Amino acid sequence: MLTITPINDAEAIVARFFDPMRRHLEWWQQEISPTGAGNRFDTNFQSLQCRWGQGQAMRASLGCDTDLPVGEYTHLMLCLQSSASTRVTVLALVDGQERVVIDRAPGRDSGQELEGALSGAHLSRLTIILEDPAQTIGLASLFWLGLFHAERRQRLRARVEHYRHAWDDLLLPAGDIVANPTPVLGLHFGADDLEALRRKAASPTWAPVMARLRAAAREHLTSEPWRGVGPTWNNYTVRDGRMENNTQWISWPAMRLGAFVGLLDNDPALLRMALNHALAAAHCEVWHPTFMSGMAGSSWEGRAFFEYRTAINLVFAWDWAGAYLTPAGRAVLAQALSIKGLSWCLQTLMRHPYVRGCNQGVFFAYGAIVSELALAKTWHHGGELLGAARQALDQTVTQYYAADGGTFEGIGYATGTLAQALAAYSVLARHLGQPLADLVPPVVGRIPNYLMTMLSTQPPYGAVIKTADGGRAGACVVSASLGCLCHLSDDPGIPALLAGLNQQVVSPGYYLGDELNLIVGPEILPAPTALPPIFRILEQTGMLCSCRPTPAGPVRLQLIGGPAKAGHCHDDRASIVLEAFGEEIAIDRGQMPYADPRCDLLKAAQYHNVLTVDAPDGSFLRQRNPCPQASIPTGHGDATRLDCAMDASAALPAPGLSWQRQISSDTPCVFLVTDSVTLESAAAVSFHLHSRFPWQWAEDAWVTRGERSELRVVPQWPTVSAWGREDFVDGLKAPAYHLALTAAPATTHHLLTRLEVRPLG
């Protein structure tokens with residue numbers, strides 16, 4: 001039976017769809033129509049999901065009988081993410097009368113809280129209705145259902161800035177100037193290193209980077225972090241009144257950049273600004289971003305993502321700006337770090353074994369290592385758990401990166417994770433007095449193989465092939481991984497890549513970026529000349545790169561596979577990405593932020609350059625994902641020829657039995673793609689290609705024309721259906737264009753498709 005659980009003086013939760021152990025779906029009657037077509041209810045670690053396929057309008061409902069006294073509340077609220085085409089209705093049976101509390105409210109492709117007035121004393125039934133008349137693929141994630149009293153909530157949200165002067169005694173008096181501040185913890189460098197680092201920051205190689213850091217730090221000088229102090233400081237919503245107009249008052253980059261630049265420039269204003277942000281975070285009750293982890297009786301937590309980010313940035317502010325802290329200020333930071341940061345990092349590492357097999361374990365181990373090292377400098381027994389955190393870091397790096405240096409999650413995850421792993425090893429090396437190369441697992445030295453194999457020929461410099469969930473919009477190699485890697489690899493492409501990325505302006509994130517490269521990177525860098533290899537196969541990661549020169553520029557093909565049971569993956573086994581003359585012309589759509597429910601839809605096979613088995617209703621079936629077996633490319637190539645293949649049988653859904661894709665190319669501009677498929681019962685199959693430019697039928701071919709290149713697609717087999725049209729979006733949420741060529745139902749298919757590229761202009 002549903003119960004009312006207050007989360008503050010004005011609001012309460014009645015249904016915890018986010019908590020797998022307490023969501024009690026057996027209490028809810030679930031209906032969805034039409035049946036089939038991919039329409040179903042599902043769950044993940046933080047929500048109840050409703051999914052629907054393409055082709056028909058969808059209606060789903062959840063109903064629950066209950067017995068709740070609701071007289072002390074005035075409104076009902078539902079937290080969800082849903083496709084914009086969705087309409088959401090909530091019905092409530094109150095005092096024997098059914099009320100429409102929320103009436104066909106639209107989704108918005110992001111998280112939202114829907115609210116509606118609820119008058120009466122006794123609630124006996126709740127019904128949630130989701131409708132999508134658009135006949136398009138969609139997704140809704142339900143997080144929780146709650147109640148609130150409007151007047152009490154308004155009073156709760158009324159802003160009283162108690163904290164404007166709350167830590168005046170934790171900082172040196174405003175007029176006091178520290179003549180020569182130095183690091184107080186010495187995690188990345190100490191007082192003896194400071195002058196050399198200043199000279200390096202002023203050198204021709206690094207001065208432009210330092211100028212960017214200086215400008216980014218100074219943007220925060222007028223910030224008011226005390227306004228962000230509350231139960232949590234990084235809320236997704238305005239529930240506790242600590243965010244207004246999407247302003248996040250407390251900033252991770254402000255802590256880190258203000259302290260780093262302030263120390264190198266001996267700028268008291270920046271140093272104090274960094275500490276103001278760190279102390280504001282320390283004054284928040286918790287560092288996780290929502291009430292859901294801390295509400296009464298919660299068995300759910302969202303992993304320590306926000307805790308570790310706050311912890312590392314608070315420590316950098318403490319280390320580099322700590323000369324301006326009083327002893328009480330250092331004690332406040334240490335206590336907050338141990339309770340609100342370190343403990344949550346350790347809990348995640350202890351509780352969830354899976355994090356040591358994906359990118360996440362690195363993050364939490366990094367947070368724990370930095371926290372332990374800070375506390376080791378502060379408390380008598382601080383640092384006692386450093387060994388456990390280092391063990392988790394070693395385990396994660398060794399298990400996450402394949403023997404060939406690659407990962408299954410895409411380059412964004414791979415290099416972002418590497419940046420934080422190497423930052424952690426860097427502080428460990430200094431703490432232990434050992435060379436960095438002696439601490440990192442051997443696989444780190446092979447990661448450059450992966451980076452070069454994934455490089456794109458399309459600008460900007462450092463862009464990569466967008467695969468899996470790491471293929472975010474504008475995906476590039478994360479430059480923060482390269483400074484340390486220059487010392488761990490003899491691949492000349494790594495410093496050349498760093499040189500090019502140093503010339504680009506990237507907004508500072510939540511972990512060390514340009515600062516780490518400035519601290520550990522080479523004094524002098526070569527010209528930016530990193531290029532993809534002419535031919536390379538990663539036999540564990542399942543990637544093949546061919547990049548052949550032509551007079552008009554390179555023609556580059558990527559054949560995409562992966563290891564068995566890989567997570568964070570898309571339905572992209574045997575997909576190809578084709579770049580011609582510096583332009584991606586047959587695209588991978590990439591991925592968008594997880595807050596947008598469409599991110600899950602972008603994983604579908606039909607949105608990749610694959611062959612699908614088609615359902616009797618004409619919809620395109622998804623691949624088996626995670627794929628139970630590895631899909632590894634084979635073949636050979638040089639500057640002229642390419643011959644490669646992949647067995648992607650394990651990815652086929654029923655009635656699929658086998659699928660081999662072969663690609664032969666005698667010259668860089670012509671590819672023959674052969675798909676051989678065997679099915680246990682007759683079914684149609686479809687060949688898919690995607691572009692950012694419209695498709696047109698021209699004589700005997702489907703053609704898409706970009707800015708630099710043209711791709712002609714000539715099926716050498718009879719099609720029963722062929723269309724090229726705008727269909728859904730890419731990871732930038734921009735329109736994408738889908739070519740689908742369909743063969744008549746049969747139990748065996750042998751399809752030869754010719755792809756031709758030519759330069760334009």
# chains A, B, ... in the order shown; residues from 1 in each chain; ligands from 1
$ residues_around --residues "stretch 557-559 of chain A" --least-positions-apart "5" --cutoff "7 Å" --atoms "only C-alpha atoms" --output "list in words"
Met543, Leu544, Cys545, Ser546, Cys547, Ala574, Ser575, Ile576, Val577, Leu578 and Glu579 of chain A
$ select_by_dssp --residues "stretch 255-422 of chain A" --states "alpha helix (DSSP H)" --output "VMD selection string"
chain A and resid 255 to 265 268 to 283 305 to 321 327 to 336 343 to 351 360 to 376 386 to 400 411 to 422
$ select_by_dssp --residues "stretch 413-515 of chain A" --states "strand (DSSP E or B)" --output "PDB file with N, CA and C atoms, in the first residue's frame"
ATOM      1  N   LEU A 455      40.481   8.290 -34.371  1.00  0.00           N
ATOM      2  CA  LEU A 455      40.529   9.676 -34.828  1.00  0.00           C
ATOM      3  C   LEU A 455      39.713   9.861 -36.104  1.00  0.00           C
ATOM      4  N   ALA A 463      38.838  15.426 -33.335  1.00  0.00           N
ATOM      5  CA  ALA A 463      37.519  14.796 -33.380  1.00  0.00           C
ATOM      6  C   ALA A 463      37.666  13.303 -33.592  1.00  0.00           C
ATOM      7  N   VAL A 464      36.658  12.548 -33.172  1.00  0.00           N
ATOM      8  CA  VAL A 464      36.740  11.091 -33.193  1.00  0.00           C
ATOM      9  C   VAL A 464      35.474  10.496 -33.788  1.00  0.00           C
ATOM     10  N   ARG A 472      29.335  11.487 -27.823  1.00  0.00           N
ATOM     11  CA  ARG A 472      28.558  12.698 -27.598  1.00  0.00           C
ATOM     12  C   ARG A 472      28.804  13.715 -28.707  1.00  0.00           C
ATOM     13  N   CYS A 476      35.475  14.688 -29.039  1.00  0.00           N
ATOM     14  CA  CYS A 476      36.901  14.791 -29.332  1.00  0.00           C
ATOM     15  C   CYS A 476      37.658  13.996 -28.276  1.00  0.00           C
TER      16      CYS A 476
END
$ residues_around --residues "A:Glu583" --least-positions-apart "4" --cutoff "12 Å" --atoms "only C-alpha atoms" --output "PyMOL selection string"
chain A and resi 456-460+463-465+552-557+577-579+587+691-693+705-711+757-760
$ write_last_selection --atoms "N, CA, C and O atoms" --output "compact mmCIF listing (two decimals), in the first residue's frame"
# COMPACT_ATOMS: atom_id res chain seq x y z
N SER A 456 39.03 10.99 -36.17
CA SER A 456 38.26 11.36 -37.36
C SER A 456 39.11 12.24 -38.26
O SER A 456 40.08 12.87 -37.82
N THR A 457 38.73 12.30 -39.54
CA THR A 457 39.37 13.24 -40.47
C THR A 457 38.55 14.51 -40.62
O THR A 457 38.95 15.42 -41.33
N GLN A 458 37.40 14.55 -39.95
CA GLN A 458 36.54 15.73 -40.05
C GLN A 458 36.91 16.71 -38.96
O GLN A 458 37.09 16.32 -37.80
N PRO A 459 37.05 17.99 -39.26
CA PRO A 459 37.34 18.98 -38.22
C PRO A 459 36.25 18.96 -37.15
O PRO A 459 35.12 18.56 -37.41
N PRO A 460 36.59 19.41 -35.92
CA PRO A 460 37.84 20.02 -35.52
C PRO A 460 38.93 18.99 -35.26
O PRO A 460 38.66 17.79 -35.13
N ALA A 463 38.84 15.43 -33.33
CA ALA A 463 37.52 14.80 -33.38
C ALA A 463 37.67 13.30 -33.59
O ALA A 463 38.66 12.82 -34.14
N VAL A 464 36.66 12.55 -33.17
CA VAL A 464 36.74 11.09 -33.19
C VAL A 464 35.47 10.50 -33.79
O VAL A 464 34.44 11.16 -33.90
N ILE A 465 35.58 9.22 -34.14
CA ILE A 465 34.40 8.47 -34.58
C ILE A 465 33.45 8.34 -33.39
O ILE A 465 33.84 7.91 -32.31
N ALA A 552 42.21 14.46 -53.35
CA ALA A 552 41.26 15.40 -52.77
C ALA A 552 41.18 15.32 -51.25
O ALA A 552 40.43 16.07 -50.64
N GLY A 553 41.96 14.42 -50.66
CA GLY A 553 41.92 14.25 -49.21
C GLY A 553 41.65 12.80 -48.85
O GLY A 553 41.35 11.96 -49.71
N PRO A 554 41.73 12.45 -47.57
CA PRO A 554 41.58 11.05 -47.16
C PRO A 554 40.15 10.54 -47.28
O PRO A 554 39.19 11.30 -47.15
N VAL A 555 40.04 9.23 -47.53
CA VAL A 555 38.76 8.53 -47.45
C VAL A 555 38.91 7.51 -46.33
O VAL A 555 39.79 6.66 -46.37
N ARG A 556 38.05 7.64 -45.34
CA ARG A 556 38.23 6.87 -44.10
C ARG A 556 36.98 6.06 -43.81
O ARG A 556 35.87 6.59 -43.81
N LEU A 557 37.15 4.76 -43.55
CA LEU A 557 36.05 3.88 -43.18
C LEU A 557 36.33 3.25 -41.82
O LEU A 557 37.46 2.82 -41.56
N VAL A 577 31.10 3.68 -40.56
CA VAL A 577 31.12 5.13 -40.65
C VAL A 577 32.05 5.47 -41.80
O VAL A 577 33.17 4.94 -41.89
N LEU A 578 31.60 6.33 -42.69
CA LEU A 578 32.38 6.66 -43.87
C LEU A 578 32.63 8.16 -43.91
O LEU A 578 31.68 8.97 -43.87
N GLU A 579 33.91 8.53 -43.96
CA GLU A 579 34.32 9.92 -44.11
C GLU A 579 35.04 10.08 -45.45
O GLU A 579 35.83 9.21 -45.83
N ILE A 587 27.08 8.70 -41.51
CA ILE A 587 27.37 9.11 -40.14
C ILE A 587 26.95 8.08 -39.10
O ILE A 587 26.05 7.27 -39.33
N SER A 691 22.82 10.14 -42.98
CA SER A 691 23.58 11.31 -43.40
C SER A 691 23.02 12.54 -42.70
O SER A 691 21.88 12.54 -42.22
N ARG A 692 23.82 13.60 -42.66
CA ARG A 692 23.32 14.89 -42.19
C ARG A 692 22.74 15.71 -43.34
O ARG A 692 22.30 16.84 -43.13
N PHE A 693 22.73 15.12 -44.52
CA PHE A 693 22.27 15.82 -45.72
C PHE A 693 21.17 14.98 -46.39
O PHE A 693 21.19 13.75 -46.32
N ARG A 705 24.54 14.62 -50.69
CA ARG A 705 25.63 15.55 -50.98
C ARG A 705 25.89 16.43 -49.77
O ARG A 705 25.00 17.13 -49.29
N GLY A 706 27.12 16.39 -49.29
CA GLY A 706 27.52 17.25 -48.20
C GLY A 706 28.16 18.52 -48.70
O GLY A 706 27.87 18.99 -49.81
N GLU A 707 29.05 19.09 -47.91
CA GLU A 707 29.74 20.30 -48.30
C GLU A 707 31.01 20.00 -49.08
O GLU A 707 31.45 20.80 -49.90
N ARG A 708 31.60 18.84 -48.82
CA ARG A 708 32.85 18.48 -49.48
C ARG A 708 32.75 17.20 -50.30
O ARG A 708 33.62 16.92 -51.11
N SER A 709 31.73 16.42 -50.06
CA SER A 709 31.69 15.09 -50.65
C SER A 709 30.29 14.72 -51.08
O SER A 709 29.29 15.28 -50.60
N GLU A 710 30.23 13.74 -51.97
CA GLU A 710 28.98 13.15 -52.42
C GLU A 710 29.09 11.64 -52.26
O GLU A 710 30.12 11.04 -52.58
N LEU A 711 28.03 11.03 -51.74
CA LEU A 711 27.96 9.57 -51.60
C LEU A 711 26.82 9.05 -52.47
O LEU A 711 25.68 9.51 -52.35
N VAL A 757 32.10 7.39 -53.44
CA VAL A 757 32.26 8.77 -52.97
C VAL A 757 33.07 9.56 -53.99
O VAL A 757 33.93 9.01 -54.68
N ARG A 758 32.76 10.85 -54.08
CA ARG A 758 33.55 11.73 -54.94
C ARG A 758 33.59 13.11 -54.30
O ARG A 758 32.67 13.50 -53.57
N PRO A 759 34.68 13.86 -54.54
CA PRO A 759 34.79 15.19 -53.95
C PRO A 759 33.91 16.19 -54.67
O PRO A 759 33.60 16.04 -55.85
N LEU A 760 33.49 17.20 -53.93
CA LEU A 760 32.71 18.30 -54.50
C LEU A 760 33.56 19.57 -54.48
O LEU A 760 34.33 19.80 -53.56
$ residues_around --residues "A:Asp491" --least-positions-apart "6" --cutoff "12 Å" --atoms "only C-alpha atoms" --output "count of residues only"
13
$ residues_around --residues "A:Gln662" --least-positions-apart "4" --cutoff "9 Å" --atoms "only C-alpha atoms" --output "list in words"
Asp643, Cys644, Ala645, Met646, Asp647, Leu672, Val673, Thr674, Asp675 and Ser676 of chain A
$ closest_residue --among "A:Ser110, A:Gln629, A:Thr678, A:Ser479" --to "A:Gln503" --atoms "only C-alpha atoms"
A:Ser479
$ closest_atom_pairs --of "stretch 365-404 of chain A" --to "stretch 319-332 of chain A" --cutoff "12 Å" --atoms "only C-alpha atoms" --output "tab-separated table"
residue	atom	partner	partner_atom	distance
A:Val370	CA	A:Asp319	CA	10.8
A:Ser371	CA	A:Asp319	CA	11.4
A:Leu373	CA	A:Asp319	CA	10.9
A:Ala374	CA	A:Asp319	CA	8.2
A:Leu375	CA	A:Ala331	CA	10.1
A:Lys377	CA	A:Asp319	CA	10.4
A:Thr378	CA	A:Ala331	CA	8.5
A:Trp379	CA	A:Ala331	CA	9.6
